[in-house]
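S.K.: Sharing a structure below in structure tokens format, with a few things to ask.
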Amino acid sequence: MSSPAIRITGLKKNFGASEIIRGVDLDIHRGERHAIIGPNGAGKSTLFHLISARLPVSAGVIELKGENVVGLKPFEINRKGLSRSFQITNIFHNLSVFENLRCAVLWSLGYRYSFWQRLAGLADARLRAEAVMEDIGLAKRRDTPAGILSYAEQRALEIGITIASGADVILLDEPTAGMSRSETDDAVALIRRVTEGKTLVMVEHDMGVVFGLADRISVLVYGQIIATDAPAAIRCNAAVQEAYLGTSLNHD
Amino acid sequence: MNSAVFNHGRLLLWGGFLALAFALPLVFKSGFLVSLLCQIGIMVVFALSYNMLLGQTGLLSFGHAVYYGIGAFVTMHMLNIIGKDGGPLTTALLPLVGGLAGMLAGVVLGYVTTKKAGTTFAMISLGIGELVAACALMFPGFFGGEGGVSGNRVVGKGNLLGFTWGPQVEMYGLIVLWAFLATVAMFALTQTPLGRMANAVRDNPERAEFVGYDTQRVRYLMLILSGLFAGIAGSLTALNYEIVTSETLNAHTSGVVLLMTFVGGIGFFYGPIIGAILISVMQIVIGGMTHAWLLYFGLFFLFMVLMAPGGIASVIAIQRNLWLAGLFGRMVPHYLAVALPVLILLAGLVGLIEMSYALLAGEGVGAGDTATKVMKMELHLNTPGPWLAALGVTAAGLVLTRWIGGRTRAAWNSALATLHGDKS
Amino acid sequence: MEFVVISLLNGITYGLLLFMLSSGLTLIFSMMGILNFAHASFYMLGAYFAYQISTWVGFWPGLLVAPLLVGAVGAAVERYGLRRAHRFGHVAELLFTFGLAFLVEEVVHLIWGKTSVDYKIPVELDGTLFTLFATDFPIYKGFMMLVSVGMLVALYALLTRTRIGLIIQAALTKPDMVEALGHNVPRIFMLVFGGGTALAGLAGVIGGNAFITEPGMAAAVGSIVFVVVVVGGLGSLGGAFVASLLIGCIQTFSIALTISITDVFALIGVTLPEGSQVARLTITQLAPVLPYLLMVAILIFRPRGLMGARES
């Protein structure tokens with residue numbers, strides 16, 4: 001049996017005196033779709049930032065496919081096959097949709113910092129970017145600057161950039177935040193489609209999305225994981241019920 | 001959209017520019033104009049190299065003259081070595097040496113400066129610039145002290161095709177050749193993975209890190225390459241003027257290239273070319289007419305920052321889009337209507353500034369020549385008459401500009417709204 | 001010993017003057033995110049205003065009026081220029097202040113000419129405060145220290161004891177929170193910019209006659225102040241204070257040291273090859289580059305600066 005996609009042991013993070021992540025242990029299996037839920041301020045986004053090295057870890061170990069990645073830079077972790085999206089849209093605003101996606105595939109195709117190759121001559125980069133563009137339904141917006149896309153389109157592009165490199169561990173931070181019902185449905189279908197066969201970890205508030213997509217769910221409360229289980233088991237877990245204090249975990 | 005460097009249309013455009021550049025001295029035969037053309041050619045390369053940082057990578061540098069200056073000094077010393085001992089190099093190839101020197105300076109200094117981006121980079125580039133400028137005065141052996149280093153570009157054996165590069169026209173040909181090569185290379189760079197990732201780092205460094213790129217490395221490489229082209233420009237300047245002083249690498253030169261590039265427009269590849277041409281010409285023409293040139297330049301720059309931060313290139317681009325959308329025609333009457341009050345305002349301001357210079361700067365009425373022409377009257381600066389008249393003209397211009405300008409703005413906004421409405 | 005004490009006094013005087021500039025720059029940067037490239041231009045304006053006022057009514061009124069005038073100019077610049085540039089982002093703001101520095105220099109050329117003006121130390125302060133060993137310490141240096149320390153105390157009191165000071169402190173750490181609390185942020189920005197430039201103006205009033213009042217003074221001091229801010233750590237007032245004194249002392253000590261690099265290396269037992277240009281340089285000759293070398297060293301070994309809290 002190979003090592004888990006992500007294994008977190010004794011992870012802690014404090015900002016000054018306040019401890020935000022207070023000892024998290026978590027295994028994410030290869031190929032599963034794992035959701036992290038919890039009340040506001042529980043530290044869900046912080047946990048993502050620690051895994052992706054956007055924030056430095058205070059204590060503990062994070063293993064990516066069996067390899068300790070604590071202390072690496074974000075781009076080094078990305079090169080090891082972990083890619084993430086952001087809660088607040090994080091795209092290249094002045095570049096077109098196509099250029100956004102092409103930028104996202106260049107490293108994984110091995111073009112590195114090349115200044116001796118013409119972009120236009122790199123057929124594989126173009127084809128991969130176009131395939132992703134088709135996947136996220138933005139083909140007709142190919143040459144539109146990303147900054148003037150609609151919100152839902154920007155969110156789709158955000159996911160597109162995240163998956164374009166072909167990373168096999170995908171972290172999505174609230175992919176459907178701020179979307180209407182129908183936009184959310186489209187986004188869920190998109191996520192399901194593009195993460196096929198990959199490991200997906202997502203932070204999400206929309207319980208409909210969580211219970212519809214996730215194979216397993218972890219509940220993070222005040223910097224600690226109080227339960228990790230299949231959706232059905234989570235739904236009737238007493239500790240989880242208590243943490244949410246009456247908030248219905250049913251489809252809302 | 002085909003972004004190949006050498007598709008047919010682009011090949012034609014580049015070829016046309018090259019032919020035009022070579023043909024210009026046939027029309028402008030006077031030595032003065034050829035010198036001006038030489039200056040423009042050099043500045044185009046310098047400004048384009050600067051925009052590799054500012055426009056393409058989002059790095060605002062206050063010390064770009066360092067690479068330009070080092071290219072110039074190294075070239076001058078090489079020239080003198082060739083002159084004394086001979087050697088395999090010829091004058092025509094020296095810009096390559098200057099470029100490599102600039103690049104090497106980029107490798108060393110860029111390692112420090114590109115650790116940071118944004119405001120910190122701006123401050124550090126200024127500090128490094130001051131450091132090198134101060135060193136220039138400390139090491140007169142290399143930098144020539146106050147007098148600088150001079151040389152003679154007619155050296156070496158086996159000059160290519162019988163050119164000695166002595167006559168200014170031949171030097172112009174050499175500048176055009178190198179400027180063209182450098183421009184093509186810089187354009188080609190924008191179409192490579194590194195060039196595109198520089199744009200990505202400019203737009204969103206955090207995202208660039210999360211698609212696998214080390215933003216510090218991208219900035220460092222872009223600075224090294226930018227140093228290469230700045231070095232070529234510096235080298236051409238050394239060959240053209242046959243003297244290099246520490247002025248070449250000080251903060252003033254860094255400031256001028258920044259102003260040129262910005263005024264031309266940092267968002268477009270050709271923006272800095274426009275800026276280099278415009279500012280070089282204005283410097284000669286307006287600078288020849290009035291002592292207040294630098295003041296006008298400063299005001300013009302502030303005006304551009306506040307009113308058209310995209311520079312002249314972006315103004316042109318918007319007009320082109322309006323034209324393509326068939327909206328340009330309806331803006332023309334508004335442009336014409338606003339032109340008159342703006343001219344009145346300018347006349348008033350120029351009058352005030354010129355009279356102030358004549359009165360205060362104590363450089364004789366010579367500085368007031370323009371004012372005399374504009375006002376069409378004898379100036380008695382110790383009487384309130386001319387001042388009141390100039391103030392009146394300025395005030396009238398201001399009121400009219402605000403009034404008519406308001407309408408123009410409204411028309412402009414509605415045209416833009418239509419334009420963007422059509423797009424989406 | 002004599003050399004050390006005198007140089008230290010001079011260094012502290014100069015360092016405090018630098019802090020008057022760097023504190024305003026730091027406050028403006030921390031609150032508004034603007035690196036005011038024209039900060040030293042306001043220092044120059046302070047000196048020229050004070051000179052002009054001193055030719056009319058003497059030094060003392062100028063000490064009060066000139067900084068206020070500079071502050072008013074600063075507030076107007078913020079209100080009518082920067083606020084507009086702000087909409088186009090940080091680069092536009094930085095370029096605006098850069099253009100402003102350029103323009104101020106030209107205006108100074110126009111009004112006061114291209115050479116230095118005769119801005120004198122007032123007769124009341126012209127003389128010797130005390131004699132240490134064999135060196136006279138001028139009254140004016142003591143006065144400069146007094147004004148600087150007074151400013152320091154006033155600034156500290158303002159930041160810790162008044163309502164506006166508390167808001168500024170809050171904004172230093174949590175910029176977005178202040179607006180959420182319903183404070184008129186544009187007004188506060190204008191006040192901070194005006195206040196910061198007034199401090200620079202005050203530095204100009206007392207520095208202009210101690211050193212020299214000429215159109216090049218802004219550029220000369222400006223880059224040193226940037227070095228101070230980088231070395232101290234962007235956005236840290238404490239860092240700016242330490243770095244100001246440090247650089248003030250480095251400058252005064254190095255100017256007074258006439259030993260050469262060869263001698264320095266000889267002290268630690270290294271013999272440099274004879275005759276190279278570097279080896280023959282004296283510390284005095286190196287003085288102008290030392291602050292920049294310090295900056296480079298800080299950037300390599302401690303990129304946050306001495307006391308900087310945030311990586312930028």
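Numbering starts fresh at 1 for the residues of each chain in the structure tokens, the chains themselves are lettered A, B, ... in the order given, and ligands are numbered from 1 as they appear.
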Pick out the chain C residues within 6 Å of chain B. Count only C-alpha atoms. Give them as number ranges by chain.
M.R.: C: 85, 99, 103, 106, 110-111, 289, 292
S.K.: Please identify every residue of chain B that has at least one atom no more than 12 Å from any atom of chain A, counting only C-alpha atoms, and report them as a PDB file with C-alpha atoms, in the first residue's frame.
M.R.:
```
ATOM      1  CA  MET B   1      -4.763  35.295 -33.129  1.00  0.00           C
ATOM      2  CA  ASN B   2      -1.363  34.275 -34.339  1.00  0.00           C
ATOM      3  CA  SER B   3       1.427  35.288 -32.034  1.00  0.00           C
ATOM      4  CA  ALA B   4       4.350  34.004 -34.080  1.00  0.00           C
ATOM      5  CA  VAL B   5       7.216  36.444 -34.140  1.00  0.00           C
ATOM      6  CA  PHE B   6       7.607  36.299 -37.880  1.00  0.00           C
ATOM      7  CA  ASN B   7       4.248  35.970 -39.481  1.00  0.00           C
ATOM      8  CA  GLY B  55       5.850  47.092 -18.039  1.00  0.00           C
ATOM      9  CA  GLN B  56       6.480  43.391 -18.389  1.00  0.00           C
ATOM     10  CA  GLY B  58       6.057  45.085 -12.829  1.00  0.00           C
ATOM     11  CA  ALA B 185      15.105  40.286 -29.724  1.00  0.00           C
ATOM     12  CA  MET B 186      13.200  42.118 -26.999  1.00  0.00           C
ATOM     13  CA  PHE B 187       9.943  41.583 -28.824  1.00  0.00           C
ATOM     14  CA  ALA B 188      10.720  37.921 -29.341  1.00  0.00           C
ATOM     15  CA  LEU B 189      11.378  37.624 -25.622  1.00  0.00           C
ATOM     16  CA  THR B 190       7.827  38.736 -24.862  1.00  0.00           C
ATOM     17  CA  GLN B 191       6.648  35.684 -26.809  1.00  0.00           C
ATOM     18  CA  THR B 192       8.592  33.094 -24.812  1.00  0.00           C
ATOM     19  CA  PRO B 193       7.692  31.156 -21.662  1.00  0.00           C
ATOM     20  CA  LEU B 194       9.881  33.436 -19.543  1.00  0.00           C
ATOM     21  CA  GLY B 195       8.385  36.567 -21.080  1.00  0.00           C
ATOM     22  CA  ARG B 196       4.858  35.367 -20.410  1.00  0.00           C
ATOM     23  CA  MET B 197       5.635  34.268 -16.869  1.00  0.00           C
ATOM     24  CA  ALA B 198       7.108  37.725 -16.248  1.00  0.00           C
ATOM     25  CA  ASN B 199       3.645  39.111 -17.073  1.00  0.00           C
ATOM     26  CA  ALA B 200       2.123  36.557 -14.729  1.00  0.00           C
ATOM     27  CA  VAL B 201       4.513  37.565 -11.931  1.00  0.00           C
ATOM     28  CA  ARG B 202       3.624  41.203 -12.578  1.00  0.00           C
ATOM     29  CA  ASP B 203      -0.112  40.506 -12.364  1.00  0.00           C
ATOM     30  CA  ASN B 204      -0.123  38.120  -9.437  1.00  0.00           C
ATOM     31  CA  PRO B 205       3.116  36.885  -7.901  1.00  0.00           C
ATOM     32  CA  GLU B 206       1.324  34.661  -5.423  1.00  0.00           C
ATOM     33  CA  ARG B 207      -0.527  32.763  -8.128  1.00  0.00           C
ATOM     34  CA  ALA B 208       2.674  32.422 -10.128  1.00  0.00           C
ATOM     35  CA  GLU B 209       4.250  30.634  -7.168  1.00  0.00           C
ATOM     36  CA  PHE B 210       1.286  28.280  -6.996  1.00  0.00           C
ATOM     37  CA  VAL B 211       1.653  27.261 -10.636  1.00  0.00           C
ATOM     38  CA  GLY B 212       5.231  26.217  -9.960  1.00  0.00           C
ATOM     39  CA  TYR B 213       7.290  29.318 -10.658  1.00  0.00           C
ATOM     40  CA  ASP B 214       9.881  30.881  -8.392  1.00  0.00           C
ATOM     41  CA  THR B 215       8.964  34.546  -8.771  1.00  0.00           C
ATOM     42  CA  GLN B 216      12.341  35.666  -7.501  1.00  0.00           C
ATOM     43  CA  ARG B 217      14.026  33.663 -10.259  1.00  0.00           C
ATOM     44  CA  VAL B 218      11.709  35.139 -12.895  1.00  0.00           C
ATOM     45  CA  ARG B 219      12.493  38.681 -11.725  1.00  0.00           C
ATOM     46  CA  TYR B 220      16.217  37.926 -11.588  1.00  0.00           C
ATOM     47  CA  LEU B 221      16.326  36.509 -15.121  1.00  0.00           C
ATOM     48  CA  MET B 222      14.309  39.394 -16.511  1.00  0.00           C
ATOM     49  CA  LEU B 225      18.272  40.199 -19.756  1.00  0.00           C
ATOM     50  CA  GLY B 267       1.333  48.487 -21.240  1.00  0.00           C
ATOM     51  CA  HIS B 420     -17.227  47.802 -23.784  1.00  0.00           C
ATOM     52  CA  GLY B 421     -20.922  47.044 -24.069  1.00  0.00           C
ATOM     53  CA  LYS B 423     -17.520  43.609 -26.497  1.00  0.00           C
ATOM     54  CA  SER B 424     -19.256  41.597 -23.822  1.00  0.00           C
TER      55      SER B 424
END
```
S.K.: Could you name the residues that touch B:Gly71 at 9 Å or less, counting only C-alpha atoms, but leaving out those on the same chain fewer than 4 positions away, as a list in words?
M.R.: Val66, Tyr67, Thr75, Met76, Pro95, Val97, Gly98, Gly99, Leu100, Ala101, Gly102, Met103, Ala105, Gly227, Leu228, Ala230, Gly231, Ile232, Ala233, Gly234, Ser235, Leu236 and Ala238 of chain B
S.K.: Would you output that residue set with N, CA and C atoms, as a PDB file, in the first residue's frame?
M.R.:
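Below you can see part.pdb, which holds the result:
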```
ATOM      1  N   VAL B  66      22.470  52.237 -14.260  1.00  0.00           N
ATOM      2  CA  VAL B  66      23.678  51.508 -13.875  1.00  0.00           C
ATOM      3  C   VAL B  66      24.123  50.569 -14.995  1.00  0.00           C
ATOM      4  N   TYR B  67      23.185  49.818 -15.548  1.00  0.00           N
ATOM      5  CA  TYR B  67      23.512  48.823 -16.570  1.00  0.00           C
ATOM      6  C   TYR B  67      23.893  49.512 -17.880  1.00  0.00           C
ATOM      7  N   THR B  75      32.576  49.505 -22.939  1.00  0.00           N
ATOM      8  CA  THR B  75      32.776  49.694 -24.374  1.00  0.00           C
ATOM      9  C   THR B  75      33.916  50.677 -24.638  1.00  0.00           C
ATOM     10  N   MET B  76      33.895  51.771 -23.881  1.00  0.00           N
ATOM     11  CA  MET B  76      34.907  52.795 -24.104  1.00  0.00           C
ATOM     12  C   MET B  76      36.306  52.258 -23.813  1.00  0.00           C
ATOM     13  N   PRO B  95      29.028  46.799 -29.304  1.00  0.00           N
ATOM     14  CA  PRO B  95      27.783  46.758 -28.536  1.00  0.00           C
ATOM     15  C   PRO B  95      27.519  45.399 -27.897  1.00  0.00           C
ATOM     16  N   VAL B  97      29.854  43.535 -26.617  1.00  0.00           N
ATOM     17  CA  VAL B  97      30.675  43.567 -25.396  1.00  0.00           C
ATOM     18  C   VAL B  97      29.972  44.391 -24.321  1.00  0.00           C
ATOM     19  N   GLY B  98      29.467  45.569 -24.718  1.00  0.00           N
ATOM     20  CA  GLY B  98      28.750  46.420 -23.770  1.00  0.00           C
ATOM     21  C   GLY B  98      27.546  45.694 -23.195  1.00  0.00           C
ATOM     22  N   GLY B  99      26.834  44.982 -24.066  1.00  0.00           N
ATOM     23  CA  GLY B  99      25.655  44.239 -23.626  1.00  0.00           C
ATOM     24  C   GLY B  99      26.030  43.181 -22.602  1.00  0.00           C
ATOM     25  N   LEU B 100      27.119  42.453 -22.882  1.00  0.00           N
ATOM     26  CA  LEU B 100      27.545  41.421 -21.941  1.00  0.00           C
ATOM     27  C   LEU B 100      27.946  42.037 -20.604  1.00  0.00           C
ATOM     28  N   ALA B 101      28.573  43.218 -20.671  1.00  0.00           N
ATOM     29  CA  ALA B 101      28.949  43.903 -19.431  1.00  0.00           C
ATOM     30  C   ALA B 101      27.701  44.271 -18.633  1.00  0.00           C
ATOM     31  N   GLY B 102      26.694  44.823 -19.320  1.00  0.00           N
ATOM     32  CA  GLY B 102      25.445  45.169 -18.649  1.00  0.00           C
ATOM     33  C   GLY B 102      24.793  43.942 -18.041  1.00  0.00           C
ATOM     34  N   MET B 103      24.873  42.839 -18.791  1.00  0.00           N
ATOM     35  CA  MET B 103      24.281  41.586 -18.333  1.00  0.00           C
ATOM     36  C   MET B 103      25.001  41.084 -17.078  1.00  0.00           C
ATOM     37  N   ALA B 105      26.620  42.900 -14.968  1.00  0.00           N
ATOM     38  CA  ALA B 105      26.219  43.789 -13.866  1.00  0.00           C
ATOM     39  C   ALA B 105      24.862  43.347 -13.331  1.00  0.00           C
ATOM     40  N   GLY B 227      19.389  44.024 -18.359  1.00  0.00           N
ATOM     41  CA  GLY B 227      20.735  44.595 -18.258  1.00  0.00           C
ATOM     42  C   GLY B 227      21.502  44.421 -19.562  1.00  0.00           C
ATOM     43  N   LEU B 228      21.306  43.282 -20.222  1.00  0.00           N
ATOM     44  CA  LEU B 228      21.958  43.038 -21.513  1.00  0.00           C
ATOM     45  C   LEU B 228      21.599  44.135 -22.511  1.00  0.00           C
ATOM     46  N   ALA B 230      20.132  47.099 -21.927  1.00  0.00           N
ATOM     47  CA  ALA B 230      20.550  48.422 -21.459  1.00  0.00           C
ATOM     48  C   ALA B 230      22.032  48.611 -21.754  1.00  0.00           C
ATOM     49  N   GLY B 231      22.810  47.536 -21.593  1.00  0.00           N
ATOM     50  CA  GLY B 231      24.241  47.601 -21.885  1.00  0.00           C
ATOM     51  C   GLY B 231      24.504  47.882 -23.355  1.00  0.00           C
ATOM     52  N   ILE B 232      23.706  47.280 -24.222  1.00  0.00           N
ATOM     53  CA  ILE B 232      23.846  47.551 -25.658  1.00  0.00           C
ATOM     54  C   ILE B 232      23.571  49.030 -25.932  1.00  0.00           C
ATOM     55  N   ALA B 233      22.500  49.546 -25.308  1.00  0.00           N
ATOM     56  CA  ALA B 233      22.181  50.962 -25.502  1.00  0.00           C
ATOM     57  C   ALA B 233      23.330  51.844 -25.005  1.00  0.00           C
ATOM     58  N   GLY B 234      23.866  51.495 -23.835  1.00  0.00           N
ATOM     59  CA  GLY B 234      24.976  52.273 -23.286  1.00  0.00           C
ATOM     60  C   GLY B 234      26.186  52.217 -24.202  1.00  0.00           C
ATOM     61  N   SER B 235      26.424  51.043 -24.746  1.00  0.00           N
ATOM     62  CA  SER B 235      27.543  50.863 -25.658  1.00  0.00           C
ATOM     63  C   SER B 235      27.399  51.766 -26.882  1.00  0.00           C
ATOM     64  N   LEU B 236      26.187  51.813 -27.423  1.00  0.00           N
ATOM     65  CA  LEU B 236      25.943  52.660 -28.594  1.00  0.00           C
ATOM     66  C   LEU B 236      26.173  54.131 -28.245  1.00  0.00           C
ATOM     67  N   ALA B 238      28.252  55.244 -26.031  1.00  0.00           N
ATOM     68  CA  ALA B 238      29.699  55.458 -25.936  1.00  0.00           C
ATOM     69  C   ALA B 238      30.294  55.656 -27.333  1.00  0.00           C
TER      70      ALA B 238
END
```
S.K.: What's around A:Gln224 at 9 Å? Count only C-alpha atoms, leave out sequence neighbours fewer than 3 positions away in its own chain, and write the answer as number ranges by chain.
M.R.: A: 20-25, 42-43, 219-221
S.K.: Store the residues picked out above, limited to C-alpha atoms, as a PDB file, in the first residue's frame.
M.R.:
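Wrote result15.pdb, looks like this:
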```pdb
ATOM      1  CA  ILE A  20      -5.222  28.815  15.304  1.00  0.00           C
ATOM      2  CA  ILE A  21      -4.358  25.202  14.476  1.00  0.00           C
ATOM      3  CA  ARG A  22      -3.999  23.235  17.673  1.00  0.00           C
ATOM      4  CA  GLY A  23      -2.641  19.837  16.772  1.00  0.00           C
ATOM      5  CA  VAL A  24      -4.216  18.403  13.651  1.00  0.00           C
ATOM      6  CA  ASP A  25      -3.719  14.783  12.595  1.00  0.00           C
ATOM      7  CA  ALA A  42     -12.173  27.189  12.819  1.00  0.00           C
ATOM      8  CA  GLY A  43      -8.963  27.465  10.812  1.00  0.00           C
ATOM      9  CA  VAL A 219     -14.871  18.511  10.838  1.00  0.00           C
ATOM     10  CA  LEU A 220     -12.508  21.192  12.075  1.00  0.00           C
ATOM     11  CA  VAL A 221     -13.507  23.088  15.205  1.00  0.00           C
TER      12      VAL A 221
END
```
S.K.: Please identify the strand (DSSP E) residues within stretch 12-230 of chain C (assignment by DSSP from backbone atoms) and present them as a VMD selection string.
M.R.: chain C and resid 128 to 132 135 to 138
S.K.: Write out as a list in words each polymer residue whose atoms come within 10 Å of C:Ser7, counting only C-alpha atoms; drop sequence neighbours fewer than 3 positions from it.
M.R.: Met1, Glu2, Phe3, Val4, Asn10, Gly11, Ile12, Thr13, Gly248, Cys249, Ile250, Gln251, Thr252, Phe253, Ser254, Ile255 and Ala256 of chain C
S.K.: Okay, now the selection with C-alpha atoms, as a PDB file, in the first residue's frame?
M.R.:
```pdb
ATOM      1  CA  MET C   1      38.604  59.135  23.208  1.00  0.00           C
ATOM      2  CA  GLU C   2      38.080  62.718  22.241  1.00  0.00           C
ATOM      3  CA  PHE C   3      37.505  61.623  18.687  1.00  0.00           C
ATOM      4  CA  VAL C   4      34.926  59.036  19.738  1.00  0.00           C
ATOM      5  CA  ASN C  10      27.819  64.705  15.827  1.00  0.00           C
ATOM      6  CA  GLY C  11      26.488  61.327  14.757  1.00  0.00           C
ATOM      7  CA  ILE C  12      23.552  61.519  17.140  1.00  0.00           C
ATOM      8  CA  THR C  13      22.721  65.051  15.995  1.00  0.00           C
ATOM      9  CA  GLY C 248      24.129  59.071  11.394  1.00  0.00           C
ATOM     10  CA  CYS C 249      27.042  57.686  13.380  1.00  0.00           C
ATOM     11  CA  ILE C 250      28.482  55.674  10.494  1.00  0.00           C
ATOM     12  CA  GLN C 251      28.475  58.796   8.358  1.00  0.00           C
ATOM     13  CA  THR C 252      30.169  61.038  10.897  1.00  0.00           C
ATOM     14  CA  PHE C 253      32.705  58.454  12.046  1.00  0.00           C
ATOM     15  CA  SER C 254      33.701  57.433   8.549  1.00  0.00           C
ATOM     16  CA  ILE C 255      34.141  61.016   7.410  1.00  0.00           C
ATOM     17  CA  ALA C 256      36.546  61.602  10.278  1.00  0.00           C
TER      18      ALA C 256
END
```
S.K.: What does the distance between atom CA of B:Asp85 and atom CA of B:Pro167 come to in Å, to one decimal place?
M.R.: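 So the two atoms, atom CA of B:Asp85 and atom CA of B:Pro167, lie 23.2 Å apart.
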S.K.: Excluding C:Val65 and residues on its chain fewer than 3 positions from it, collect all residues at most 10 Å away from it, counting only C-alpha atoms, and give them as a PyMOL selection string.
M.R.: chain C and resi 46+49-50+53+60-62+68-71+201-202+205
S.K.: Using only C-alpha atoms, determine which residues lie at most 10 Å from A:Ala5, disregarding the query and same-chain residues fewer than 6 positions distant; provide the list as JSON, numbers by chain.
M.R.: {"A": [27, 28, 29, 30, 31, 32, 63, 64, 65, 66, 67, 82, 168, 169, 198, 199, 200]}
S.K.: If you keep N, CA and C atoms, can you produce a file of those selected residues as a PDB file, in the first residue's frame?
M.R.:
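Output file part-v5.pdb follows:
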```
ATOM      1  N   ASP A  27      -5.226  11.972   7.705  1.00  0.00           N
ATOM      2  CA  ASP A  27      -4.742  11.247   6.533  1.00  0.00           C
ATOM      3  C   ASP A  27      -5.726  11.457   5.396  1.00  0.00           C
ATOM      4  N   ILE A  28      -5.217  11.822   4.243  1.00  0.00           N
ATOM      5  CA  ILE A  28      -6.086  11.926   3.071  1.00  0.00           C
ATOM      6  C   ILE A  28      -5.636  10.847   2.093  1.00  0.00           C
ATOM      7  N   HIS A  29      -6.545   9.910   1.795  1.00  0.00           N
ATOM      8  CA  HIS A  29      -6.168   8.781   0.948  1.00  0.00           C
ATOM      9  C   HIS A  29      -6.022   9.215  -0.496  1.00  0.00           C
ATOM     10  N   ARG A  30      -5.258   8.446  -1.225  1.00  0.00           N
ATOM     11  CA  ARG A  30      -5.115   8.750  -2.655  1.00  0.00           C
ATOM     12  C   ARG A  30      -6.438   8.508  -3.368  1.00  0.00           C
ATOM     13  N   GLY A  31      -6.783   9.454  -4.190  1.00  0.00           N
ATOM     14  CA  GLY A  31      -7.960   9.280  -5.033  1.00  0.00           C
ATOM     15  C   GLY A  31      -9.277   9.609  -4.354  1.00  0.00           C
ATOM     16  N   GLU A  32      -9.263   9.959  -3.071  1.00  0.00           N
ATOM     17  CA  GLU A  32     -10.550  10.260  -2.438  1.00  0.00           C
ATOM     18  C   GLU A  32     -10.905  11.743  -2.610  1.00  0.00           C
ATOM     19  N   GLU A  63       3.165  15.438   5.257  1.00  0.00           N
ATOM     20  CA  GLU A  63       3.784  14.609   4.220  1.00  0.00           C
ATOM     21  C   GLU A  63       2.915  14.612   2.979  1.00  0.00           C
ATOM     22  N   LEU A  64       3.553  14.843   1.848  1.00  0.00           N
ATOM     23  CA  LEU A  64       2.843  14.781   0.578  1.00  0.00           C
ATOM     24  C   LEU A  64       3.338  13.525  -0.135  1.00  0.00           C
ATOM     25  N   LYS A  65       2.467  12.583  -0.313  1.00  0.00           N
ATOM     26  CA  LYS A  65       2.824  11.306  -0.939  1.00  0.00           C
ATOM     27  C   LYS A  65       4.065  10.699  -0.289  1.00  0.00           C
ATOM     28  N   GLY A  66       4.083  10.749   1.054  1.00  0.00           N
ATOM     29  CA  GLY A  66       5.156  10.106   1.791  1.00  0.00           C
ATOM     30  C   GLY A  66       6.382  10.953   2.030  1.00  0.00           C
ATOM     31  N   GLU A  67       6.373  12.179   1.537  1.00  0.00           N
ATOM     32  CA  GLU A  67       7.572  13.008   1.653  1.00  0.00           C
ATOM     33  C   GLU A  67       7.265  14.237   2.501  1.00  0.00           C
ATOM     34  N   LEU A  82       1.102  19.166  -6.060  1.00  0.00           N
ATOM     35  CA  LEU A  82      -0.029  19.672  -5.291  1.00  0.00           C
ATOM     36  C   LEU A  82      -0.407  21.042  -5.840  1.00  0.00           C
ATOM     37  N   ASP A 168      -1.809  15.857  -9.122  1.00  0.00           N
ATOM     38  CA  ASP A 168      -2.732  14.794  -8.727  1.00  0.00           C
ATOM     39  C   ASP A 168      -3.324  15.010  -7.339  1.00  0.00           C
ATOM     40  N   VAL A 169      -2.868  16.059  -6.639  1.00  0.00           N
ATOM     41  CA  VAL A 169      -3.520  16.430  -5.381  1.00  0.00           C
ATOM     42  C   VAL A 169      -4.036  17.857  -5.544  1.00  0.00           C
ATOM     43  N   LYS A 198      -8.264  11.927  -9.293  1.00  0.00           N
ATOM     44  CA  LYS A 198      -7.270  12.672  -8.510  1.00  0.00           C
ATOM     45  C   LYS A 198      -7.697  12.727  -7.052  1.00  0.00           C
ATOM     46  N   THR A 199      -6.779  13.173  -6.217  1.00  0.00           N
ATOM     47  CA  THR A 199      -7.116  13.392  -4.821  1.00  0.00           C
ATOM     48  C   THR A 199      -7.624  14.821  -4.683  1.00  0.00           C
ATOM     49  N   LEU A 200      -8.801  14.963  -4.093  1.00  0.00           N
ATOM     50  CA  LEU A 200      -9.365  16.303  -3.944  1.00  0.00           C
ATOM     51  C   LEU A 200      -9.588  16.596  -2.461  1.00  0.00           C
TER      52      LEU A 200
END
```
S.K.: Which one of A:Gly16, A:Leu109, A:Asp135, A:Gly10 sits closest to chain C if you count only C-alpha atoms?
M.R.: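 That would be A:Gly16, the residue with the smallest distance to chain C.
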S.K.: Record the distance separating atom CA of C:Ile121 and atom CA of C:Gly208, expressed in Å with one decimal.
M.R.: 9.2 Å
